[in-house]
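**Q** Can you read through this structure? Questions will come right after.
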Amino acid sequence: MANKASPPVPEGRKWCHGCETALPVERFAKRSCRGRTVSQSRCRPCLAKQKQEQRVAARERFASWTVRYVPRRKRVGVPEELDSALLSLR
Ligand SMILES: [Zn+2]
């Protein structure tokens with residue numbers, strides 16, 4: 001049950017949903033899913049980029065939560081410039 005259709009690709013290649021290109025299967029990382037080994041739907045660079053974006057998004061969510069609920073003197077892990085940037089949004 002694929003949630004997004006891939007266009008037909010030549011044998012030994014796989015469609016990357018990140019850069020939308022048919023790439024050799026070696027360019028994809030493997031992961032295990034319910035005891036089976038499946039390859040990722042994005043190539044290694046796209047996966048790294050996606051993870052980086054998720055990390056940045058998580059940090060921003062954490063920072064905005066902290067700015068709202070934690071007094072300034074008790075805050076940890078929020079960079080000063082991000083702190084001021086979020087405060088100026090309000
Ligand atoms: Zn890719």
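Chain labels A, B, ... are given in the sequence in which chains occur in the structure tokens; within each chain residues are numbered consecutively from 1, and ligands are likewise numbered from 1 in the order shown.
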For ligand 1, collect every residue having any atom at a distance of at most 12 Å from a ligand atom (counting only C-alpha atoms and all ligand atoms); output as a list of chain:residue names.

**A**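 Sorted by chain and then by number, the residues are A:Lys14, A:Trp15, A:Cys16, A:His17, A:Gly18, A:Cys19, A:Glu20, A:Thr21, A:Ala22, A:Leu23, A:Pro24, A:Val25, A:Arg27, A:Phe28, A:Ala29, A:Gln40, A:Ser41, A:Arg42, A:Cys43, A:Arg44, A:Pro45, A:Cys46, A:Leu47, A:Ala48, A:Lys49, A:Gln50.
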
**Q** The selected residues should be written to file as an mmCIF file, in the first residue's frame (atoms: C-alpha atoms).

**A**
```cif
data_model
loop_
_atom_site.group_PDB
_atom_site.id
_atom_site.type_symbol
_atom_site.label_atom_id
_atom_site.label_comp_id
_atom_site.auth_asym_id
_atom_site.auth_seq_id
_atom_site.Cartn_x
_atom_site.Cartn_y
_atom_site.Cartn_z
ATOM 1 C CA LYS A 14 14.340 3.276 -7.567
ATOM 2 C CA TRP A 15 12.281 6.453 -7.541
ATOM 3 C CA CYS A 16 13.284 9.055 -4.982
ATOM 4 C CA HIS A 17 10.342 11.022 -3.650
ATOM 5 C CA GLY A 18 12.668 13.792 -2.515
ATOM 6 C CA CYS A 19 14.546 14.781 -5.671
ATOM 7 C CA GLU A 20 11.998 12.996 -7.911
ATOM 8 C CA THR A 21 14.589 11.118 -9.929
ATOM 9 C CA ALA A 22 15.150 7.424 -10.661
ATOM 10 C CA LEU A 23 18.394 6.580 -8.860
ATOM 11 C CA PRO A 24 20.407 3.353 -8.484
ATOM 12 C CA VAL A 25 19.183 1.314 -5.500
ATOM 13 C CA ARG A 27 21.779 5.328 -3.264
ATOM 14 C CA PHE A 28 19.023 4.405 -0.829
ATOM 15 C CA ALA A 29 19.461 3.484 2.820
ATOM 16 C CA GLN A 40 13.804 4.171 2.179
ATOM 17 C CA SER A 41 11.576 6.095 -0.199
ATOM 18 C CA ARG A 42 14.159 8.868 -0.436
ATOM 19 C CA CYS A 43 17.824 8.676 -1.395
ATOM 20 C CA ARG A 44 20.470 9.268 1.270
ATOM 21 C CA PRO A 45 20.980 13.010 0.603
ATOM 22 C CA CYS A 46 17.206 13.625 0.570
ATOM 23 C CA LEU A 47 16.762 11.641 3.766
ATOM 24 C CA ALA A 48 19.504 13.642 5.462
ATOM 25 C CA LYS A 49 17.903 16.876 4.287
ATOM 26 C CA GLN A 50 14.478 15.785 5.524
#
```

**Q** Quick one: residues within 12 Å of Ala85 of chain A, only C-alpha atoms counted, chain neighbours fewer than 3 positions away excluded, as a list in words?

**A** Glu60, Ala63, Ser64, Val67, Val78, Pro79, Glu80, Glu81, Leu82, Ser88, Leu89 and Arg90 of chain A
